[in-house]
>>> print(open('final-v1.tsv').read())   # TSV, C-alpha atoms and all ligand atoms
chain	number	residue	atom	x	y	z
A	143	MET	CA	2.57	339.72	71.67
A	144	ASP	CA	5.24	342.04	73.01
A	145	PHE	CA	6.36	344.90	70.82
A	146	GLU	CA	8.57	347.94	71.29
A	147	ASN	CA	7.45	350.12	68.40
A	148	ILE	CA	3.80	349.30	67.92
A	149	LEU	CA	0.70	348.90	70.09
A	150	VAL	CA	-1.77	346.17	69.33
A	151	GLU	CA	-5.35	346.03	70.59
A	152	LYS	CA	-8.26	343.76	69.84
A	153	GLU	CA	-11.80	345.02	69.96
A	154	GLY	CA	-14.28	342.31	68.97
A	155	SER	CA	-13.67	341.54	65.29
A	156	LEU	CA	-11.28	344.46	64.90
A	157	ALA	CA	-7.53	344.65	65.48
A	158	ILE	CA	-6.08	348.11	65.91
A	159	ILE	CA	-2.35	348.41	65.25
A	160	THR	CA	-0.81	351.73	66.29
A	161	ILE	CA	2.68	352.72	65.20
A	162	ASN	CA	4.13	354.04	68.41
A	163	ARG	CA	7.31	356.10	68.08
A	164	PRO	CA	5.73	359.50	68.73
A	165	THR	CA	9.03	361.25	69.52
A	166	LYS	CA	10.15	360.35	65.98
A	167	LEU	CA	6.73	361.09	64.51
A	168	ASN	CA	6.28	357.33	64.14
A	169	ALA	CA	9.02	357.08	61.48
A	170	LEU	CA	9.36	353.56	60.12
A	171	ASN	CA	12.68	351.95	61.00
A	172	LYS	CA	13.49	348.31	60.30
A	173	PRO	CA	12.38	346.99	63.73
A	174	THR	CA	9.01	348.76	63.31
A	175	ILE	CA	8.52	347.20	59.88
A	176	GLU	CA	9.42	343.76	61.33
A	177	GLU	CA	6.98	344.21	64.21
A	178	LEU	CA	4.19	345.33	61.89
A	179	HIS	CA	4.83	342.22	59.81
A	180	GLN	CA	4.70	339.97	62.89
A	181	ALA	CA	1.47	341.53	64.18
A	182	LEU	CA	-0.19	341.26	60.77
A	183	LYS	CA	0.94	337.66	60.42
A	184	HIS	CA	-0.60	336.90	63.81
A	185	PHE	CA	-3.96	338.47	62.94
A	186	GLU	CA	-4.04	336.78	59.54
A	187	LYS	CA	-4.43	333.45	61.33
A	188	ASP	CA	-6.76	334.72	64.04
A	189	ARG	CA	-10.25	333.76	62.92
A	190	GLU	CA	-11.90	336.24	65.27
A	191	THR	CA	-10.15	339.19	63.63
A	192	ARG	CA	-11.90	340.40	60.52
A	193	VAL	CA	-10.60	343.91	59.91
A	194	ILE	CA	-7.30	345.63	60.70
A	195	ILE	CA	-7.02	349.34	61.43
A	196	LEU	CA	-3.59	350.93	61.10
A	197	THR	CA	-2.96	354.26	62.77
A	198	GLY	CA	-0.23	356.34	64.40
A	199	SER	CA	0.18	357.34	68.02
A	200	GLY	CA	-0.14	360.95	69.15
A	201	GLU	CA	-2.01	363.76	67.47
A	202	LYS	CA	0.67	364.86	65.09
A	203	ALA	CA	1.61	362.00	62.84
A	204	PHE	CA	0.38	358.82	61.22
A	205	VAL	CA	3.94	358.09	60.02
A	206	ALA	CA	6.39	360.84	58.97
A	207	GLY	CA	8.26	358.52	56.64
A	208	ALA	CA	10.98	355.95	56.60
A	209	ASP	CA	13.55	356.60	59.32
A	210	ILE	CA	15.99	358.98	57.63
A	211	LYS	CA	18.67	358.45	60.30
A	212	GLU	CA	18.72	354.72	59.62
A	213	PHE	CA	19.55	354.96	55.91
A	214	SER	CA	21.59	358.16	55.74
A	215	SER	CA	24.89	356.33	55.05
A	216	PHE	CA	23.56	353.54	52.79
A	217	ASN	CA	25.05	352.66	49.39
A	218	THR	CA	23.19	351.45	46.26
A	219	SER	CA	22.96	347.85	47.33
A	220	GLU	CA	21.84	348.67	50.88
A	221	GLY	CA	19.28	351.13	49.51
A	222	SER	CA	17.84	348.56	47.09
A	223	GLN	CA	17.72	345.97	49.85
A	224	LEU	CA	15.95	348.36	52.21
A	225	ALA	CA	13.24	348.97	49.61
A	226	ALA	CA	12.94	345.30	48.59
A	227	LYS	CA	12.73	343.98	52.15
A	228	GLY	CA	10.30	346.71	53.23
A	229	GLN	CA	8.05	346.05	50.26
A	230	GLU	CA	8.07	342.31	50.93
A	231	LEU	CA	7.52	342.46	54.68
A	232	LEU	CA	5.05	345.29	54.87
A	233	PHE	CA	3.84	347.20	51.85
A	234	ASP	CA	3.09	344.29	49.48
A	235	TYR	CA	2.04	342.20	52.44
A	236	VAL	CA	-0.57	344.79	53.45
A	237	GLN	CA	-1.82	345.27	49.89
A	238	ASN	CA	-2.32	341.52	49.43
A	239	TYR	CA	-3.56	340.84	52.96
A	240	ASN	CA	-6.68	338.69	52.82
A	241	LYS	CA	-8.52	340.73	55.47
A	242	PRO	CA	-9.38	344.40	54.98
A	243	VAL	CA	-6.74	346.85	56.18
A	244	ILE	CA	-7.91	350.43	56.72
A	245	ALA	CA	-5.45	353.27	57.33
A	246	ALA	CA	-6.74	355.85	59.82
A	247	VAL	CA	-4.46	358.73	58.89
A	248	ASN	CA	-4.27	360.91	62.00
A	249	GLY	CA	-1.65	363.50	60.99
A	250	PHE	CA	1.47	363.62	58.80
A	251	ALA	CA	1.60	360.74	56.30
A	252	LEU	CA	4.81	361.44	54.45
A	253	GLY	CA	7.09	359.28	52.35
A	254	GLY	CA	6.91	355.74	53.72
A	255	GLY	CA	3.95	356.86	55.83
A	256	LEU	CA	1.86	357.75	52.81
A	257	GLU	CA	3.18	354.63	51.08
A	258	LEU	CA	1.93	352.54	54.02
A	259	ALA	CA	-1.45	354.28	53.93
A	260	MET	CA	-1.61	353.67	50.16
A	261	SER	CA	-0.84	349.96	50.64
A	262	ALA	CA	-3.90	349.71	52.89
A	263	HIS	CA	-7.17	348.85	51.15
A	264	PHE	CA	-8.53	352.32	51.79
A	265	ARG	CA	-7.86	355.42	53.86
A	266	ILE	CA	-9.76	357.69	56.22
A	267	ALA	CA	-8.09	360.93	57.32
A	268	SER	CA	-8.44	363.37	60.18
A	269	ASN	CA	-8.87	366.97	59.09
A	270	ASN	CA	-5.36	367.91	60.28
A	271	ALA	CA	-3.68	365.21	58.16
A	272	LYS	CA	-1.01	366.24	55.68
A	273	MET	CA	0.09	363.87	52.95
A	274	GLY	CA	2.98	363.84	50.55
A	275	LEU	CA	5.99	362.07	49.09
A	276	PRO	CA	8.89	364.42	49.93
A	277	GLU	CA	11.70	362.00	48.96
A	278	VAL	CA	13.11	364.22	46.17
A	279	THR	CA	13.96	366.83	48.82
A	280	LEU	CA	16.36	364.19	50.22
A	281	GLY	CA	17.84	363.20	46.86
A	282	LEU	CA	15.70	360.06	46.80
A	283	ILE	CA	12.62	358.69	45.14
A	284	PRO	CA	9.82	356.82	46.94
A	285	GLY	CA	10.99	353.23	47.48
A	286	TYR	CA	8.09	351.54	49.18
A	287	GLY	CA	5.78	351.45	46.17
A	288	GLY	CA	4.91	355.17	46.07
A	289	THR	CA	5.75	355.67	42.39
A	290	GLN	CA	3.31	352.85	41.56
A	291	ARG	CA	0.43	353.26	44.00
A	292	LEU	CA	0.12	357.05	43.90
A	293	PRO	CA	-0.60	357.17	40.13
A	294	GLN	CA	-2.99	354.21	40.55
A	295	LEU	CA	-4.92	356.14	43.17
A	296	ILE	CA	-4.87	359.73	41.89
A	297	GLY	CA	-3.77	359.52	38.24
A	298	LYS	CA	-0.41	359.92	36.56
A	299	GLY	CA	-0.32	363.70	36.11
A	300	ARG	CA	-1.21	364.49	39.72
A	301	ALA	CA	1.24	361.85	40.98
A	302	MET	CA	4.01	363.27	38.81
A	303	GLU	CA	3.37	366.75	40.18
A	304	LEU	CA	3.15	365.65	43.83
A	305	ILE	CA	6.33	363.59	43.63
A	306	MET	CA	8.28	366.24	41.67
A	307	THR	CA	7.24	369.17	43.86
A	308	ALA	CA	7.35	367.15	47.13
A	309	GLU	CA	4.25	369.18	48.08
A	310	MET	CA	2.26	368.19	51.16
A	311	ILE	CA	-1.46	368.20	50.52
A	312	THR	CA	-4.26	368.75	53.03
A	313	ALA	CA	-6.82	366.12	53.93
A	314	ASP	CA	-9.47	367.96	51.92
A	315	LYS	CA	-7.31	368.02	48.82
A	316	ALA	CA	-6.54	364.31	49.35
A	317	LEU	CA	-10.30	363.74	49.51
A	318	SER	CA	-10.85	365.64	46.28
A	319	TYR	CA	-8.09	363.53	44.63
A	320	GLY	CA	-9.66	360.28	45.84
A	321	LEU	CA	-6.58	359.49	47.92
A	322	VAL	CA	-8.72	359.21	51.06
A	323	ASN	CA	-12.35	358.15	51.25
A	324	HIS	CA	-13.46	360.35	54.16
A	325	VAL	CA	-12.20	363.28	56.23
A	326	VAL	CA	-13.39	363.63	59.82
A	327	GLU	CA	-12.46	365.61	62.95
A	328	GLN	CA	-9.38	364.15	64.61
A	329	GLU	CA	-11.31	363.20	67.80
A	330	GLU	CA	-13.76	361.23	65.69
A	331	LEU	CA	-11.26	359.46	63.45
A	332	LEU	CA	-11.00	356.15	65.29
A	333	ALA	CA	-14.70	355.90	66.15
A	334	PHE	CA	-15.65	356.68	62.55
A	335	THR	CA	-13.12	354.16	61.19
A	336	LYS	CA	-14.31	351.48	63.62
A	337	LYS	CA	-17.90	352.03	62.52
A	338	ILE	CA	-16.99	351.30	58.90
A	339	ALA	CA	-14.75	348.41	59.98
A	340	ASN	CA	-17.58	346.83	61.99
A	341	LYS	CA	-19.93	347.13	59.03
A	342	ILE	CA	-17.37	345.26	56.93
A	343	ALA	CA	-16.87	342.70	59.73
A	344	SER	CA	-20.56	341.75	59.61
A	345	ASN	CA	-20.20	340.61	55.98
A	346	SER	CA	-18.69	337.40	54.67
A	347	ALA	CA	-14.94	337.33	55.40
A	348	SER	CA	-14.34	334.64	52.81
A	349	ALA	CA	-16.10	336.70	50.13
A	350	ILE	CA	-14.25	339.87	51.17
A	351	GLY	CA	-10.88	338.06	50.96
A	352	ARG	CA	-11.72	337.02	47.41
A	353	ALA	CA	-12.94	340.53	46.52
A	354	ILE	CA	-9.58	341.95	47.67
A	355	LYS	CA	-7.71	339.41	45.50
A	356	SER	CA	-9.89	340.17	42.48
A	357	ILE	CA	-9.60	343.96	42.81
A	358	ASN	CA	-5.82	343.74	43.29
A	359	ALA	CA	-5.57	341.62	40.13
A	360	ASN	CA	-6.52	344.74	38.17
A	361	PHE	CA	-3.11	346.20	39.08
A	362	LYS	CA	-0.90	343.16	38.56
A	363	ASP	CA	1.19	342.76	35.44
A	364	GLY	CA	0.44	339.62	33.47
A	365	VAL	CA	-2.70	338.83	35.47
A	366	ASN	CA	-6.10	339.02	33.82
A	367	GLY	CA	-8.38	340.56	36.44
A	368	TYR	CA	-11.56	339.29	34.77
A	369	HIS	CA	-10.25	335.72	34.87
A	370	GLU	CA	-9.20	336.16	38.50
A	371	GLU	CA	-12.70	337.42	39.29
A	372	ILE	CA	-14.32	334.43	37.57
A	373	LYS	CA	-12.10	332.03	39.55
A	374	ASN	CA	-12.78	333.74	42.87
A	375	PHE	CA	-16.50	334.07	42.14
A	376	GLY	CA	-16.70	330.32	41.44
A	377	GLU	CA	-14.84	329.46	44.64
A	378	CYS	CA	-17.39	331.36	46.74
A	379	PHE	CA	-20.05	328.78	45.92
A	380	GLU	CA	-18.43	326.08	48.02
A	381	THR	CA	-17.87	328.18	51.14
A	382	GLU	CA	-19.83	327.95	54.38
A	383	ASP	CA	-20.42	331.70	54.12
A	384	PHE	CA	-22.21	331.28	50.79
A	385	THR	CA	-24.50	328.60	52.24
A	386	GLU	CA	-25.19	330.80	55.27
A	387	GLY	CA	-25.69	334.00	53.26
A	388	THR	CA	-28.12	332.53	50.76
A	389	THR	CA	-29.98	330.43	53.37
A	390	ALA	CA	-30.38	333.46	55.64
A	391	PHE	CA	-31.75	335.50	52.73
A	392	LEU	CA	-34.29	332.81	51.84
A	393	GLU	CA	-35.26	332.39	55.50
A	394	LYS	CA	-35.64	336.18	55.83
A	395	ARG	CA	-33.11	336.46	58.67
A	396	LYS	CA	-29.71	338.09	59.12
A	397	PRO	CA	-26.75	335.90	58.17
A	398	GLU	CA	-24.27	334.85	60.82
A	399	PHE	CA	-20.93	334.48	59.11
A	400	LYS	CA	-18.24	332.50	60.88
A	401	GLY	CA	-15.21	334.09	59.26
A	402	GLN	CA	-14.48	331.07	57.07
A	403	ASN	CA	-11.80	331.47	54.39
B	1	LIG	N1	12.90	359.93	60.04
B	1	LIG	C1	13.55	360.05	61.21
B	1	LIG	N2	13.18	360.92	62.14
B	1	LIG	C2	12.14	361.72	61.88
B	1	LIG	C3	11.42	361.64	60.67
B	1	LIG	C4	11.84	360.68	59.73
B	1	LIG	N3	11.22	360.50	58.57
B	1	LIG	N4	10.43	362.56	60.69
B	1	LIG	C5	10.51	363.18	61.88
B	1	LIG	N5	11.55	362.68	62.59
B	1	LIG	C6	12.00	363.09	63.92
B	1	LIG	C7	12.78	364.39	63.89
B	1	LIG	O1	14.13	364.14	63.51
B	1	LIG	C8	12.62	364.86	65.30
B	1	LIG	O2	13.50	364.10	66.12
B	1	LIG	P1	14.42	364.85	67.23
B	1	LIG	O3	13.41	365.46	68.17
B	1	LIG	O4	15.20	363.72	67.83
B	1	LIG	O5	15.24	365.85	66.50
B	1	LIG	C9	11.21	364.42	65.65
B	1	LIG	O6	10.88	363.37	64.74
B	1	LIG	C10	10.17	365.51	65.51
B	1	LIG	O7	10.26	366.03	64.20
B	1	LIG	P2	10.43	367.59	63.86
B	1	LIG	O8	11.04	367.71	62.50
B	1	LIG	O9	11.12	368.29	64.98
B	1	LIG	O10	8.91	368.05	63.84
B	1	LIG	P3	8.29	369.29	63.05
B	1	LIG	O11	6.90	369.44	63.55
B	1	LIG	O12	9.19	370.46	63.09
B	1	LIG	O13	8.23	368.82	61.50
B	1	LIG	C11	7.80	367.26	59.72
B	1	LIG	C12	7.39	367.76	61.13
B	1	LIG	C13	6.97	366.01	59.43
B	1	LIG	C14	7.48	368.34	58.67
B	1	LIG	C15	9.32	366.95	59.71
B	1	LIG	O14	9.62	366.10	60.81
B	1	LIG	C16	9.80	366.26	58.46
B	1	LIG	O15	9.94	366.87	57.42
B	1	LIG	N6	10.08	364.94	58.55
B	1	LIG	C17	10.64	364.17	57.47
B	1	LIG	C18	9.60	363.89	56.42
B	1	LIG	C19	10.22	363.13	55.26
B	1	LIG	O16	11.03	363.64	54.52
B	1	LIG	N7	9.79	361.87	55.10
B	1	LIG	C20	10.22	361.03	54.04
B	1	LIG	C21	11.35	360.17	54.46
B	1	LIG	S1	11.86	359.12	53.13
>>> encode(input="final-v1.tsv", output="structure tokens")
Amino acid sequence: MDFENILVEKEGSLAIITINRPTKLNALNKPTIEELHQALKHFEKDRETRVIILTGSGEKAFVAGADIKEFSSFNTSEGSQLAAKGQELLFDYVQNYNKPVIAAVNGFALGGGLELAMSAHFRIASNNAKMGLPEVTLGLIPGYGGTQRLPQLIGKGRAMELIMTAEMITADKALSYGLVNHVVEQEELLAFTKKIANKIASNSASAIGRAIKSINANFKDGVNGYHEEIKNFGECFETEDFTEGTTAFLEKRKPEFKGQN
């Protein structure tokens, strides 16, 4: 895979995707969104890959937002299309991805950057990270799902305040809000994230895919999450992973899951 705006590495069961436009603080332009989509699509089919880590290159930014230069002369229809296409190709795609996606937030995560981190299944931040949705300072609102995912993650009142004030919060405040799960020193961010990712990778990929679907159902209009859970729970019983997991338990050995879906 040859990309201009992202770096892609494989490390055992992990795939690390790094947004790589450091001179623009990794701002998300259309080609970067396309490339992220292509890389994710590739790893979705790669049975060896069990967990994706998303991060930004350099020490300053995860992603400092959507590329402001790219949309500065857009009209209503172009603006709506930008949001719709971005949500389809990347933000919704990440949220509904059937393998875990972890955002390793290594610096500024602003606007589309925080929206990307919030689309991931969970977030780990370095202690220098700053997070916020500053769109109202540009005469905009978040358009990549930020008005929906921020209140889901931190509650309506806090989301209202953060979006209205455009305030950037520190990693520690994000931790206290539940926006990130852990805060670590910047030098330790990737190693720490990989450790958690490898722990996840040792579990049943087919069960984890169904857990993601069931948890996401809690946030989907018109979908009954309990029914989705029952369906996914039932489906587990006919997977190779279930046979392996239960057999290994009864034989008092560690299971060896094959990444079946
Ligand atoms: N879109 C396009 N370019 C961006 C960008 C964005 N969202 N964020 C940063 N950049 C570019 C800057 O234009 C600058 O490019 P230049 O060197 O060609 O002028 C480069 O990245 C470095 O940014 P700079 O502003 O000089 O760094 P800083 O350390 O002074 O400030 C920020 C860092 C993050 C506070 C500041 O870049 C910023 O506010 N960015 C925009 C954040 C935002 O509003 N995001 C939401 C967009 S919807």
>>> atom_distance(input="final-v1.tsv", atom1="CA of Gly288 in chain A", atom2="CA of Ala353 in chain A")
23.1 Å
>>> closest_residue(input="final-v1.tsv", among="A:Ile159, A:Ile283, A:Ile175, A:Val247", to="ligand LIG 1 (chain B)", atoms="all atoms listed in the file")
A:Ile283
>>> closest_residue(input="final-v1.tsv", among="A:Tyr286, A:Phe375, A:Tyr235, A:Phe264", to="ligand LIG 1 (chain B)", atoms="all atoms listed in the file")
A:Tyr286
>>> residues_near_ligand(input="final-v1.tsv", ligand="ligand LIG 1 (chain B)", cutoff="10 Å", atoms="only C-alpha atoms and all ligand atoms", output="PyMOL selection string")
chain A and resi 163-171+202-214+249-257+272-286+308+310
>>> atom_distance(input="final-v1.tsv", atom1="CA of Pro173 in chain A", atom2="CA of Ala313 in chain A")
28.8 Å
>>> atom_distance(input="final-v1.tsv", atom1="CA of Glu190 in chain A", atom2="CA of Val325 in chain A")
28.5 Å
>>> residues_near_point(input="final-v1.tsv", point="(-5.0, 336.3, 38.9)", cutoff="10 Å", atoms="all atoms listed in the file", output="ChimeraX atom specification")
/A:355-360,362-374
>>> closest_residue(input="final-v1.tsv", among="A:Ala347, A:Leu304, A:Leu182, A:Ala267", to="Gln237 in chain A", atoms="all atoms listed in the file")
A:Leu182
>>> closest_residue(input="final-v1.tsv", among="A:Gly221, A:Gly320, A:Lys227, A:Ile342", to="Leu156 in chain A", atoms="all atoms listed in the file")
A:Ile342
>>> axis_aligned_box(input="final-v1.tsv", around="range 227-230 of chain A", padding_each_side="5 Å", output="AutoDock Vina command-line options")
--center_x 10.4 --center_y 344.5 --center_z 51.7 --size_x 14.7 --size_y 14.4 --size_z 13.0
>>> closest_residue(input="final-v1.tsv", among="A:Gly351, A:Gly198, A:Gly401, A:Gly228", to="Gly287 in chain A", atoms="all atoms listed in the file")
A:Gly228
>>> build_atoms(input="final-v1.tsv", residues="range 288-321 of chain A", atoms="N, CA and C atoms", output="mmCIF file, in the frame of the given file")
data_model
loop_
_atom_site.group_PDB
_atom_site.id
_atom_site.type_symbol
_atom_site.label_atom_id
_atom_site.label_comp_id
_atom_site.auth_asym_id
_atom_site.auth_seq_id
_atom_site.Cartn_x
_atom_site.Cartn_y
_atom_site.Cartn_z
ATOM 1 N N GLY A 288 5.602 353.891 46.280
ATOM 2 C CA GLY A 288 4.910 355.170 46.070
ATOM 3 C C GLY A 288 4.794 355.584 44.611
ATOM 4 N N THR A 289 5.823 355.255 43.806
ATOM 5 C CA THR A 289 5.750 355.670 42.390
ATOM 6 C C THR A 289 4.705 354.836 41.635
ATOM 7 N N GLN A 290 4.296 353.708 42.219
ATOM 8 C CA GLN A 290 3.310 352.850 41.560
ATOM 9 C C GLN A 290 1.905 353.104 42.093
ATOM 10 N N ARG A 291 1.787 353.162 43.426
ATOM 11 C CA ARG A 291 0.430 353.260 44.000
ATOM 12 C C ARG A 291 -0.146 354.663 43.901
ATOM 13 N N LEU A 292 0.709 355.708 43.975
ATOM 14 C CA LEU A 292 0.120 357.050 43.900
ATOM 15 C C LEU A 292 -0.553 357.299 42.544
ATOM 16 N N PRO A 293 0.133 356.997 41.407
ATOM 17 C CA PRO A 293 -0.600 357.170 40.130
ATOM 18 C C PRO A 293 -1.826 356.281 40.002
ATOM 19 N N GLN A 294 -1.782 355.067 40.611
ATOM 20 C CA GLN A 294 -2.990 354.210 40.550
ATOM 21 C C GLN A 294 -4.152 354.883 41.259
ATOM 22 N N LEU A 295 -3.847 355.577 42.355
ATOM 23 C CA LEU A 295 -4.920 356.140 43.170
ATOM 24 C C LEU A 295 -5.389 357.512 42.691
ATOM 25 N N ILE A 296 -4.450 358.349 42.206
ATOM 26 C CA ILE A 296 -4.870 359.730 41.890
ATOM 27 C C ILE A 296 -4.620 360.120 40.442
ATOM 28 N N GLY A 297 -4.062 359.204 39.649
ATOM 29 C CA GLY A 297 -3.770 359.520 38.240
ATOM 30 C C GLY A 297 -2.328 359.961 38.055
ATOM 31 N N LYS A 298 -1.831 359.733 36.834
ATOM 32 C CA LYS A 298 -0.410 359.920 36.560
ATOM 33 C C LYS A 298 0.037 361.384 36.683
ATOM 34 N N GLY A 299 -0.741 362.291 36.119
ATOM 35 C CA GLY A 299 -0.320 363.700 36.110
ATOM 36 C C GLY A 299 -0.215 364.265 37.521
ATOM 37 N N ARG A 300 -1.233 363.993 38.341
ATOM 38 C CA ARG A 300 -1.210 364.490 39.720
ATOM 39 C C ARG A 300 -0.066 363.848 40.507
ATOM 40 N N ALA A 301 0.158 362.544 40.268
ATOM 41 C CA ALA A 301 1.240 361.850 40.980
ATOM 42 C C ALA A 301 2.588 362.435 40.565
ATOM 43 N N MET A 302 2.749 362.672 39.284
ATOM 44 C CA MET A 302 4.010 363.270 38.810
ATOM 45 C C MET A 302 4.243 364.599 39.526
ATOM 46 N N GLU A 303 3.207 365.430 39.568
ATOM 47 C CA GLU A 303 3.370 366.750 40.180
ATOM 48 C C GLU A 303 3.690 366.637 41.671
ATOM 49 N N LEU A 304 2.927 365.776 42.377
ATOM 50 C CA LEU A 304 3.150 365.650 43.830
ATOM 51 C C LEU A 304 4.545 365.135 44.152
ATOM 52 N N ILE A 305 5.002 364.166 43.366
ATOM 53 C CA ILE A 305 6.330 363.590 43.630
ATOM 54 C C ILE A 305 7.422 364.598 43.243
ATOM 55 N N MET A 306 7.238 365.296 42.127
ATOM 56 C CA MET A 306 8.280 366.240 41.670
ATOM 57 C C MET A 306 8.371 367.477 42.560
ATOM 58 N N THR A 307 7.215 367.955 43.034
ATOM 59 C CA THR A 307 7.240 369.170 43.860
ATOM 60 C C THR A 307 7.480 368.834 45.335
ATOM 61 N N ALA A 308 7.248 367.582 45.726
ATOM 62 C CA ALA A 308 7.350 367.150 47.130
ATOM 63 C C ALA A 308 6.311 367.877 47.996
ATOM 64 N N GLU A 309 5.274 368.406 47.355
ATOM 65 C CA GLU A 309 4.250 369.180 48.080
ATOM 66 C C GLU A 309 3.473 368.289 49.058
ATOM 67 N N MET A 310 3.148 368.888 50.218
ATOM 68 C CA MET A 310 2.260 368.190 51.160
ATOM 69 C C MET A 310 0.846 368.678 50.897
ATOM 70 N N ILE A 311 -0.083 367.764 50.754
ATOM 71 C CA ILE A 311 -1.460 368.200 50.520
ATOM 72 C C ILE A 311 -2.310 368.012 51.787
ATOM 73 N N THR A 312 -3.367 368.819 51.864
ATOM 74 C CA THR A 312 -4.260 368.750 53.030
ATOM 75 C C THR A 312 -5.198 367.545 52.864
ATOM 76 N N ALA A 313 -5.864 367.222 53.962
ATOM 77 C CA ALA A 313 -6.820 366.120 53.930
ATOM 78 C C ALA A 313 -7.936 366.406 52.917
ATOM 79 N N ASP A 314 -8.383 367.656 52.859
ATOM 80 C CA ASP A 314 -9.470 367.960 51.920
ATOM 81 C C ASP A 314 -9.034 367.801 50.473
ATOM 82 N N LYS A 315 -7.795 368.204 50.193
ATOM 83 C CA LYS A 315 -7.310 368.020 48.820
ATOM 84 C C LYS A 315 -7.168 366.520 48.525
ATOM 85 N N ALA A 316 -6.677 365.765 49.527
ATOM 86 C CA ALA A 316 -6.540 364.310 49.350
ATOM 87 C C ALA A 316 -7.911 363.689 49.073
ATOM 88 N N LEU A 317 -8.940 364.228 49.729
ATOM 89 C CA LEU A 317 -10.300 363.740 49.510
ATOM 90 C C LEU A 317 -10.734 364.045 48.070
ATOM 91 N N SER A 318 -10.429 365.272 47.630
ATOM 92 C CA SER A 318 -10.850 365.640 46.280
ATOM 93 C C SER A 318 -10.071 364.844 45.224
ATOM 94 N N TYR A 319 -8.881 364.374 45.551
ATOM 95 C CA TYR A 319 -8.090 363.530 44.630
ATOM 96 C C TYR A 319 -8.501 362.057 44.687
ATOM 97 N N GLY A 320 -9.311 361.690 45.677
ATOM 98 C CA GLY A 320 -9.660 360.280 45.840
ATOM 99 C C GLY A 320 -8.589 359.482 46.573
ATOM 100 N N LEU A 321 -7.641 360.187 47.188
ATOM 101 C CA LEU A 321 -6.580 359.490 47.920
ATOM 102 C C LEU A 321 -7.100 358.964 49.261
#
